Structures are given as C-alpha cells and as structure tokens.
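Colleague: Structure in structure tokens, see below.
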Amino acid sequence: MSEASIRAAGGPLAWVAALALVSVVCVAPACAGDQGAAQAHVEGAKLVAPESAATSASAAAPAPSALADSVTTPSPARLPARDYIAEVRAGFTPENHAYATRHLWVEILDPLYAIAVGMFLLFSGLAARMRDVADNMGKHRYVRVLVFFSLYVVISWVLTFPLSWYSGFALEHQFGLSTQSFGRWIADEFKGQAVIILFLGGFGLLSLAYGTIEKSPRRWWLSFAIATLPIIIFLVLIEPIVIDPIFNKFTPLRDAELRTEILDLAAKAGIPGRNVYEVDQSTKTRKFDAYVNGFGASQRIVIWDTTLHGMTHDEILYVVGHEMGHYVLGHVWKGVLAISLAAFLLFWLASVLMSAAISVWGPRWKISAPHDIASIPLLAVTLTVLSLVTQPIANAYSRRVEHEADLFGLEVTHLSDAGARAFLKIGSQNRSDPEPNTFVRLMFYTHPPLLDRVRTARDYHPWLEGKPNKYFKVR
Ligand SMILES: [Zn+2]
C-alpha cells in the first residue's frame, strides 16, 4: 500500500499495509517509506504472464560472460577508486537537505494526523452517526460493516487529503522528483482506496473480524493473531500478480545484454532468473529503486525503469545482487514470520487498549462495546499507535536485513566500486540524508544510512583477503 492510501484510510490500513510492507524488501532507503507494497506498483496494464517471462528468459541463453569471471576472479581494481564518502557528503546539497527535512516532517506528522482524524471521528460523534446510517442500510453484519467502512475510508481520505496531497504530490513536484500529473496521481489515490474497501470490506474480512469480537469479547485478539499468518501469506502471494499491476505496468527485463548478465548472476546465486521484471515507475517519479516481493512462484525481482535508465550496467548488477540477497537469504518469509509472531502481542495490546478506551469514553462516543462497528476508527487508532511505538524495533530488524543484502550483493558480484557508485546515485537522485542523526535513524530508517552503505562497499571484500563469504555460498 502506498503511503498515501495508508494515511487516507486512517489506520486499519496502516496495519494491513504494515503486513504488506513486510513483504517488500528494497534497495533504496525511500522504498519502504514512499512505496510500500500495495500502492506502489501499478497502473492499468496487463500483467505479463509468467510463461512469457520464462520464454524470454530462456531465449537469452545464459552464455558465459565477463560477469562470470568477475564473480570468481578477485580483482583489486574493483575496489572504490574515488573518495565516495566525500562525494556522498557533497552530494547532499542544501536543496536535498531541504527536501529530506520536509519529507521527515511528513513522516512524523503522518501517523499523528491519522490518530487525530480517528479521534475526531469518535469525539465528534461522526463515527456513531455513520454506524446509524449503516444500521439503516441493512441488518446483516456484512452490509453494515461494508457501508460503515466505505464511509469511514472516504471521510478519512477527505480529512487527510491536505497532508497526502502535500507529501505525495506537491512536495515531490516542488523538488522535481515527480513526473506525475495531478490527474494520474489522484487516480492512483482512488484506486488505492478502492483496493482497501474491496479487500477489508468487500471480501468480508472486517465483517468476520467484528463477528469474532462479538463472539469472544475477551479472546478475539488470539483469533486475529492466528489469522494473521495465512492472510499475510495470501497478500504476499497475490501482491505482484494482482495488486501491483493495478498501479503499474510490469514487463520482463527488455535489455538483452543486461538480462544475460543478470541470468548469469542468478545462476550463480541459485535463483530463477526468469523472475526479473522492469516496472514503468518513470511515469511517476525520477527516484531510483528496485525490490523483491511475492512468495514462491510469484516471487520476483523488480527494477524501476528509472534505475535502468540512470545507472550503468555494473551498478544495476550490484543492485540486483542486493535484491538476490533478499531472495536467497529468505528475507521475505522471515519478515512474514516475524510479523505473524508480533501480531500476538500487538492484537492483545490492542484488545486491552480498546476495552479501556471504551470503558472511559464509550458513553461519550455512543459506543457500548468493542464489537460495535463504530469502533472501527478506534481499532485503527490503536493499531496506528502500536505500530508507531514498535517502529524502532521493526526498523532495526529491517536495517539488519538490508545490511545482509548489501553484503550478499558484494559477495556475489565483487562489484565494490559499482556498489559505492550505486549508493551515491541513489542518495543524490532520491535526495536522501546520508547521515541522519541517531533519533531519526532509529525512528525512521528502514535501511542503513547511505554513508554507512558506501563504507560497507569500500571496506567489505573478504574475497581479497582469502576469507570465506558470510552469506553467499558458492555452489
Ligand atoms: Zn533491500
């Protein structure tokens, strides 16, 4: 889900989005923040069938290439040749600093604003009135929840519009990062809201959830937590095939030469190279990124076309090597497992907090019990607060995983210089702060700061010292 759609929906979506986010591991620091799982990827366009990907992959026969040699032959010449640390610092211009600062404020305000909107709906009595409207539309819980939730998503979207417009459209245009017209941007927003209403409301998930709360007022959190794993697995599985294509066009990598090099690399890493796609992000942004998402047969490496146009082949190969690290080291399923376990604690805390809040303010909100569907905004607020509180832990985990992928990328490609250049480009192109202070790093950084990543590219080269790799085991 895009940051925008999360904000618009207030919070339950923040939760579903958090689940989906876990399924995406990217190369750029901006990835998890700006482009989460669901929005992110998409526009119209038909999904390219796996068969056609396989066909094009086999068409490009993995002939022995220069890369194959580079992977096995140590070469001191591949170490960073320039003072990239100084270049990264110099690349963080006053203009980039201004963008990074504003972007940071948006990240700070975003969840606080969502919480404020949820509390406003409760204290103003709007939530209770929306419930009354829903009750008049039908007796069945499915209908009542669908009506209430649709109203809730639309009203929350309208109330949070100023912030989502600023962060998703105005700020990006102000700093020359967006290539999207207002019409295309808002169309993506509508699609994002529609996906949320359809998934949680239309498919009856929220109705089922509220039925569970009514049936077991004390233990519903346990059912929620148990249901989390299969739901995330389902989401992660369908995301690249069903959700992403709603927002972007995906095609198997077109550059035949690059494809051959990537196939060679994939063969070394022991992963199916046919699952490498490019996505038309240039229709939306000038930023660089690449990511891995999906599970099993749906798992794929996706490279933004902006990255393909803005980086040299060896830089792209390093980036792909990083993504292959996520793939080989099982970061997607480990993330899914981690959040499924965390769900037990989160939902238990949510149930305690919701009951406590309703016992204090219930009469004022005209909400009698947690199973009253007017408490949906409260569930959203509670989950947003909990995800905010646990954010530093989730980010620490994410930074560790990203660091592992950085090391894997170096081990499998030996492209130290290209790796450093890739980070340099990501930093200046995405206008990200390469050296955030500790608070900002702990609270908001899902990736190691770029300066650290450049240092890693410069200093980590076990193949030159005759030491074994930590992550990439030669087959
Ligand atoms: Zn990554």
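Just remember, in the structure tokens the first chain shown is A, the second B, etc., residues are 1-based per chain, and ligands are 1-based in the order shown.
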Using only C-alpha atoms and all ligand atoms, I'd like a table of the residues in chain A that come within 7 Å of ligand 1; for each, show the closest atom pair and its distance in Å rounded to one decimal, ordered by chain and ascending number, as a tab-separated table.

Modeller:
```
residue	atom	partner	partner_atom_place_in_ligand_line	distance
A:Val25	CA	ligand 1	1 (Zn)	4.7
A:Cys26	CA	ligand 1	1 (Zn)	3.7
A:Val27	CA	ligand 1	1 (Zn)	3.9
A:Ala28	CA	ligand 1	1 (Zn)	6.9
A:Tyr291	CA	ligand 1	1 (Zn)	6.6
A:His322	CA	ligand 1	1 (Zn)	6.3
A:Glu323	CA	ligand 1	1 (Zn)	5.9
A:His326	CA	ligand 1	1 (Zn)	6.6
A:Glu402	CA	ligand 1	1 (Zn)	4.7
A:Ala405	CA	ligand 1	1 (Zn)	6.1
```

Colleague: Hey, what's within 12 Å of Val147 in chain A if we count only C-alpha atoms and toss same-chain stuff fewer than 2 positions away? As a PyMOL selection string, please?

Modeller: chain A and resi 130-145+149-154+197-198+200-202+204+206-207+373-374

Colleague: Can you pull out the residues contacting Tyr471 in chain A? Cut-off 10 Å, using only C-alpha atoms, and skip same-chain residues under 4 positions away; I want them as a list in words.

Modeller: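 What passes the distance filter is Gly325, Val328, Leu329, Glu404, Ala405, Leu407, Phe408, Gly409, Leu410, Glu411 and Val412 of chain A.
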
Colleague: Please return as a ChimeraX atom specification: the residues of range 285-346 of chain A that backbone DSSP assigns to helix (DSSP H, G or I).

Modeller: /A:296-298,305-310,313-328,331-346

Colleague: Any idea what's packed within 7 Å of Pro240 in chain A, counting only C-alpha atoms, ignoring anything in its chain fewer than 5 positions away? Could you give it as a ChimeraX atom specification?

Modeller: /A:293-294,298

Colleague: Quick one: residues within 12 Å of Leu345 in chain A, only C-alpha atoms, excluding same-chain residues fewer than 2 positions away - as a PDB file with C-alpha atoms, in the first residue's frame?

Modeller:
```pdb
ATOM      1  CA  TRP A 221      -7.104 -10.904  19.764  1.00  0.00           C
ATOM      2  CA  LEU A 222      -5.979 -14.538  19.719  1.00  0.00           C
ATOM      3  CA  PHE A 224      -6.877 -12.158  14.957  1.00  0.00           C
ATOM      4  CA  ALA A 225      -3.266 -13.157  15.610  1.00  0.00           C
ATOM      5  CA  ILE A 226      -3.790 -16.719  14.394  1.00  0.00           C
ATOM      6  CA  ALA A 338       8.303 -12.138  12.395  1.00  0.00           C
ATOM      7  CA  ILE A 339       5.187 -10.019  11.956  1.00  0.00           C
ATOM      8  CA  SER A 340       2.950 -13.057  12.456  1.00  0.00           C
ATOM      9  CA  LEU A 341       4.568 -13.660  15.826  1.00  0.00           C
ATOM     10  CA  ALA A 342       4.489  -9.956  16.727  1.00  0.00           C
ATOM     11  CA  ALA A 343       0.761  -9.999  15.895  1.00  0.00           C
ATOM     12  CA  PHE A 347      -3.501  -7.639  18.970  1.00  0.00           C
ATOM     13  CA  TRP A 348      -3.502  -8.462  22.666  1.00  0.00           C
ATOM     14  CA  LEU A 349      -2.376  -4.913  23.455  1.00  0.00           C
ATOM     15  CA  ALA A 350      -4.966  -3.587  21.012  1.00  0.00           C
ATOM     16  CA  SER A 351      -7.751  -5.503  22.769  1.00  0.00           C
ATOM     17  CA  VAL A 352      -6.675  -4.189  26.166  1.00  0.00           C
ATOM     18  CA  LEU A 383      -3.090  -0.135  15.702  1.00  0.00           C
ATOM     19  CA  LEU A 386       1.081   0.438  18.430  1.00  0.00           C
ATOM     20  CA  SER A 387       2.859   0.452  15.073  1.00  0.00           C
ATOM     21  CA  THR A 390       7.083  -0.577  17.743  1.00  0.00           C
TER      22      THR A 390
END
```

Colleague: Need to verify the contact set: Phe169 in chain A, 10 Å, only C-alpha atoms, exclusion of same-chain residues closer than 4 positions in sequence. Can you return it as a ChimeraX atom specification?

Modeller: /A:4,163-165,173-174,177-182,185-186

Colleague: Which residue gives the smallest distance to Glu172 in chain A among A:Asn437, A:Ser359, A:Ser398, A:Asn430, with only C-alpha atoms counted?

Modeller: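 Nearest to Glu172 in chain A: A:Asn430.
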
Colleague: Could you work out how far CA of Phe161 in chain A lies from CA of Gly192 in chain A, giving the answer in Å with one decimal?

Modeller: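 Separation of CA of Gly192 in chain A and CA of Phe161 in chain A: 13.4 Å.
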
Colleague: When you draw a straight line from CA of Val279 in chain A to CA of Asp264 in chain A, how long is it in Å?

Modeller: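 Computing it gives 21.3 Å between the two atoms.
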